[in-house]
Amino acid sequence: RGLYVGDEVAVRLGASRPTGGSDRRFERVCDRLALDDVQRAVLALCAAPEVHGDAGRMFGYLHDDLSRCAASPRLVARLLERSGIGEADVIACFDERAVLRRSGAVRLGTHGPLADRPVTLAARLAAELLGGELHDVTCGGRLRRVQQGSLPVGRAPAVARLRTILTGAGGATLALSGPDALEVLLAASGRGAVVLDAVAAAEPECCDELAFAAAFEDRVAVVAGIAAVPRDDQELVLRGILRLRCRPVLLVAGRADELALSEHPVLVVRTPRASARERAEAWRAASGCADVDLVADRFRLSLRQIQEGTAIARAEAMIEGRELDAELLARGARTASSRRVSELATLLSGGPAWDDLVLPPRQLAALRSVSSYLRHRDRVLDEWGYGSISPGQGLTALFAGASGTGKTLAARVIATAAGLDVYRVDLAGMYSKWVGETEKNLDRIFAAAEESNAVLFFDEADVAFGKRSAVDDAGDRYANLETAYLLQRIEDYEGIIVLATNLRSNIDDAFSRRLDLVVEFPSPDVATRRRLWSALLPAQAPIDEGVDLGFLSERFELTGGAIRNCSVCAAFLAADEGVPVGMVHLVRAVALEFSKLGRLTLEADFDRFHELVRTP
């Protein structure tokens with residue numbers, strides 16, 4: 001039963017018609033795709049098995065094979081022949097360049113003679129004709145619809161240029177990179193977009209869904225995430241993307257994506273970063289606050305990050321029971337911009353102010369200039385035109401000095417003064433013995449940092465930026481290549497990079513020429529040590545009246561970091577005895593610090609306290 005359809009059954013099947021308003025939905029689809037009469041007739045027969053269950057059995061009867069329930073080009077031509085439509089006209093409708101194939105509405109099978117291959121409908125089209133969403137419109141989460149945002153995009157020249165490119169004729173595929181690339185594309189096209197993950201572009205079903213959604217829903221077709229494709233499959237997937245009939249726009253996320261496109265006829269257009277004035281307009285539109293100039297100047301955020309930052313600020317305003325203001329917006333901006341980089345680097349705690357930094361006036365003035373750069377870079381570089389004569393929009397500073405002289409503290413003070421976060425990069429975790437992996441790790445950290453507006457802090461920088469050696473073997477060659485790549489990546493970075501080293505003489509000369517600022521952190525003299533001792537003994541701590549800061553600063557040549565260690569150690573010694581912090585505890589703490597540093601506890605240094613620390 002069911003393995004044979006006789007003539008009488010076939011006549012009855014052919015006389016039945018689908019119900020439920022499918023004709024009206026079919027007409028709407030044809031209008032959306034701008035089909036002519038022949039194309040409408042062809043699509044009607046191809047869609048029949050999806051809309052009308054009996055049509056599949058009827059097609060099996062006409063094929064003389066009940067397993068072939070789908071239409072085929074030859075069968076469609078036979079059925080339309082009586083209507084005066086020639087076979088050539090029907091076959092032309094199945095051409096790859098014809099609208100039915102180009103839009104992804106129909107797809108030919110891969111087996112059998114070409115004209116006898118089964119024709120299948122896009123799942124999105126079949127669901128539309130049936131009047132319900134019976135399929136996964138997201139292709140397993142790999143296809144998403146994006147609408148035009150509510151925030152002003154700005155960048156009018158870039159939008160106008162991109163609009164010209166989109167409407168102009170040309171054979172090259174368009175690739176967009178840069179901040180807010182998708183938002184600028186939507187503004188230029190005046191439409192929404194349907195975005196397919198590149199890893200899914202190797203699947204014909206997903207590509208057909210992309211093409212049909214773009215044509216039927218009047219959206220821009222976009223493919224994003226080339227760099228996420230495994231390197232061995234990248235070339236194959238990219239060739240498939242470039243052969244797509246709907247000619248999508250490629251969304252390029254970073255340098256890795258651009259490198260993958262370098263050998264193909266792709267027009268790469270980089271969208272500019274929004275100016276401080278344009279960011280301020282976006283902040284006002286998102287938050288409704290007028291006082292947003294400061295947060296717009298400090299944080300170079302994308303439109304998506306501005307929306308996230310505003311949402312976070314609103315949530316905190318509700319929790320604290322206060323009105324949304326500039327302070328909350330700045331707090332939300334820091335949170336929204338630091339998520340990616342926190343996965344790759346260590347956040348250094350903020351809080352210290354300029355008064356906590358004990359340095360000579362010349363060094364303090366140099367550090368304050370970094371803070372001035374952060375506050376006014378958009379005005380100077382963009383509005384005043386200095387960006388055209390400056391090689392880059394970032395700033396790289398080298399902090400050189402002995403351990404404990406305040407290099408890390410200075411980086412924290414600069415970031416705190418600017419309202420930004422500072423992240424310490426673990427260079428040991430960045431380097432890999434595998435060729436190319438180091439560059440990939442470094443690219444990840446810099447790409448994340450560019451979105452976070454963070455201050456990047458490289459400790460022990462001479463390890464990564466040391467002098468390049470003579471090439472004696474392949475290991476030396478790749479080590480030198482990694483150093484060269486890191487130098488170039490730092491030069492391209494648009495934020496603040498602080499490098500700290502104990503051995504400035506080991507820094508490569510090529511890198512020294514790329515530095516914007518060098519600050520020497522000297523070992524503190526007697527007067528500076530006195531200020532450090534006073535600052536590092538907290539006012540709320542119980543300090544004995546007999547503590548002689550003059551003796552401590554004159555006799556013991558210690559750096560700020562060592563003095564901090566001594567202060568903390570003395571506090572625990574005093575707490576253990578249940579008494580205020582006194583000279584006895586401080587001197588013993590100094591002796592322990594000397595022991596850690598490999599220095600002798602000489603009587604000439606400790607004077608009357610030598611008996612307390614003398615080793616029998």
# chains A, B, ... in the order shown; residues from 1 in each chain; ligands from 1
>>> residues_around(residues="Asn565 (chain A)", least_positions_apart="3", cutoff="12 Å", atoms="only C-alpha atoms", output="list in words")
Gly404, Leu532, Trp533, Leu536, Leu537, Leu558, Thr559, Gly560, Gly561, Ala562, Val568, Cys569, Ala570, Ala571, Phe572, Leu586, Arg588, Ala589, Val590, Ala591, Leu592, Glu593, Phe594, Lys596 and Leu597 of chain A
>>> residues_around(residues="region 349-364 of chain A", least_positions_apart="4", cutoff="7 Å", atoms="only C-alpha atoms", output="list of chain:residue names")
A:Arg368, A:Ala410, A:Arg412, A:Val413, A:Thr416, A:Ala417, A:Val519, A:Thr528, A:Leu532
>>> write_last_selection(atoms="all heavy atoms", output="compact mmCIF listing (two decimals), in the first residue's frame")
# COMPACT_ATOMS: atom_id res chain seq x y z
N ARG A 368 52.40 63.69 34.51
CA ARG A 368 51.19 64.48 34.32
C ARG A 368 50.92 64.76 32.84
O ARG A 368 49.77 64.95 32.43
CB ARG A 368 51.26 65.78 35.11
CG ARG A 368 51.11 65.58 36.63
CD ARG A 368 51.10 66.90 37.36
NE ARG A 368 51.00 66.73 38.79
CZ ARG A 368 49.85 66.57 39.47
NH1 ARG A 368 48.70 66.59 38.79
NH2 ARG A 368 49.84 66.43 40.76
N ALA A 410 52.92 54.43 39.54
CA ALA A 410 52.74 55.56 38.63
C ALA A 410 51.73 55.22 37.54
O ALA A 410 50.89 56.06 37.17
CB ALA A 410 54.08 55.96 38.02
N ARG A 412 49.26 53.14 37.77
CA ARG A 412 47.94 53.12 38.39
C ARG A 412 47.42 54.53 38.64
O ARG A 412 46.23 54.80 38.46
CB ARG A 412 48.00 52.34 39.71
CG ARG A 412 48.25 50.85 39.53
CD ARG A 412 48.60 50.20 40.86
NE ARG A 412 47.57 50.44 41.84
CZ ARG A 412 47.77 50.38 43.17
NH1 ARG A 412 48.98 50.11 43.64
NH2 ARG A 412 46.78 50.60 44.02
N VAL A 413 48.32 55.44 39.04
CA VAL A 413 47.91 56.82 39.29
C VAL A 413 47.43 57.48 38.00
O VAL A 413 46.40 58.17 37.97
CB VAL A 413 49.07 57.62 39.91
CG1 VAL A 413 48.76 59.11 39.91
CG2 VAL A 413 49.35 57.14 41.33
N THR A 416 44.03 56.07 37.08
CA THR A 416 42.99 56.54 38.00
C THR A 416 42.63 57.99 37.72
O THR A 416 41.45 58.37 37.73
CB THR A 416 43.47 56.38 39.45
OG1 THR A 416 43.77 55.01 39.71
CG2 THR A 416 42.40 56.85 40.42
N ALA A 417 43.64 58.82 37.46
CA ALA A 417 43.38 60.24 37.18
C ALA A 417 42.54 60.41 35.93
O ALA A 417 41.75 61.35 35.83
CB ALA A 417 44.70 60.98 37.05
N VAL A 519 60.61 57.98 31.37
CA VAL A 519 60.66 58.53 32.73
C VAL A 519 61.61 57.67 33.55
O VAL A 519 61.39 56.46 33.70
CB VAL A 519 59.27 58.57 33.38
CG1 VAL A 519 59.36 59.19 34.77
CG2 VAL A 519 58.30 59.35 32.51
N THR A 528 63.49 62.21 50.15
CA THR A 528 62.39 61.44 49.55
C THR A 528 62.04 60.24 50.42
O THR A 528 60.86 59.90 50.58
CB THR A 528 62.79 60.98 48.14
OG1 THR A 528 63.15 62.12 47.35
CG2 THR A 528 61.63 60.27 47.46
N LEU A 532 58.51 59.14 52.06
CA LEU A 532 57.94 57.80 51.85
C LEU A 532 57.58 57.14 53.18
O LEU A 532 56.51 56.54 53.32
CB LEU A 532 58.92 56.93 51.06
CG LEU A 532 59.06 57.27 49.57
CD1 LEU A 532 60.26 56.55 48.97
CD2 LEU A 532 57.79 56.88 48.81
>>> select_by_dssp(residues="region 562-607 of chain A", states="helix (DSSP H, G or I)", output="ChimeraX atom specification")
/A:562-577,583-597,603-607
>>> select_by_dssp(residues="region 287-434 of chain A", states="strand (DSSP E or B)", output="list in words")
Thr346, Leu347, Leu348, Leu395, Thr396, Ala397, Leu398, Phe399, Ala400, Gly401, Val422, Tyr423, Arg424 and Val425 of chain A
>>> residues_around(residues="region 157-168 of chain A", least_positions_apart="3", cutoff="7 Å", atoms="only C-alpha atoms", output="PyMOL selection string")
chain A and resi 184+187-189+271
>>> write_last_selection(atoms="N, CA, C and O atoms", output="PDB file, in the first residue's frame")
ATOM      1  N   VAL A 184      27.746  51.457  10.629  1.00  0.00           N
ATOM      2  CA  VAL A 184      27.958  52.366   9.502  1.00  0.00           C
ATOM      3  C   VAL A 184      27.366  51.763   8.223  1.00  0.00           C
ATOM      4  O   VAL A 184      26.771  52.465   7.397  1.00  0.00           O
ATOM      5  N   ALA A 187      23.624  52.239   8.290  1.00  0.00           N
ATOM      6  CA  ALA A 187      23.270  53.632   8.014  1.00  0.00           C
ATOM      7  C   ALA A 187      23.416  53.951   6.529  1.00  0.00           C
ATOM      8  O   ALA A 187      22.599  54.683   5.958  1.00  0.00           O
ATOM      9  N   ALA A 188      24.453  53.395   5.897  1.00  0.00           N
ATOM     10  CA  ALA A 188      24.677  53.668   4.471  1.00  0.00           C
ATOM     11  C   ALA A 188      23.632  52.981   3.596  1.00  0.00           C
ATOM     12  O   ALA A 188      23.203  53.532   2.573  1.00  0.00           O
ATOM     13  N   SER A 189      23.219  51.791   3.979  1.00  0.00           N
ATOM     14  CA  SER A 189      22.253  51.051   3.155  1.00  0.00           C
ATOM     15  C   SER A 189      20.814  51.444   3.443  1.00  0.00           C
ATOM     16  O   SER A 189      19.927  51.250   2.604  1.00  0.00           O
ATOM     17  N   THR A 271      36.221  51.792   8.384  1.00  0.00           N
ATOM     18  CA  THR A 271      35.391  52.881   8.904  1.00  0.00           C
ATOM     19  C   THR A 271      36.154  53.616   9.994  1.00  0.00           C
ATOM     20  O   THR A 271      36.836  52.995  10.812  1.00  0.00           O
TER      21      THR A 271
END
>>> residues_around(residues="Gln307 (chain A)", least_positions_apart="5", cutoff="12 Å", atoms="only C-alpha atoms", output="PyMOL selection string")
chain A and resi 149-152+279+282-288+301-302+312-314+329+332-333+335-337
>>> residues_around(residues="Asn502 (chain A)", least_positions_apart="2", cutoff="9 Å", atoms="only C-alpha atoms", output="JSON, numbers by chain")
{"A": [399, 400, 401, 402, 403, 460, 461, 462, 500, 504]}
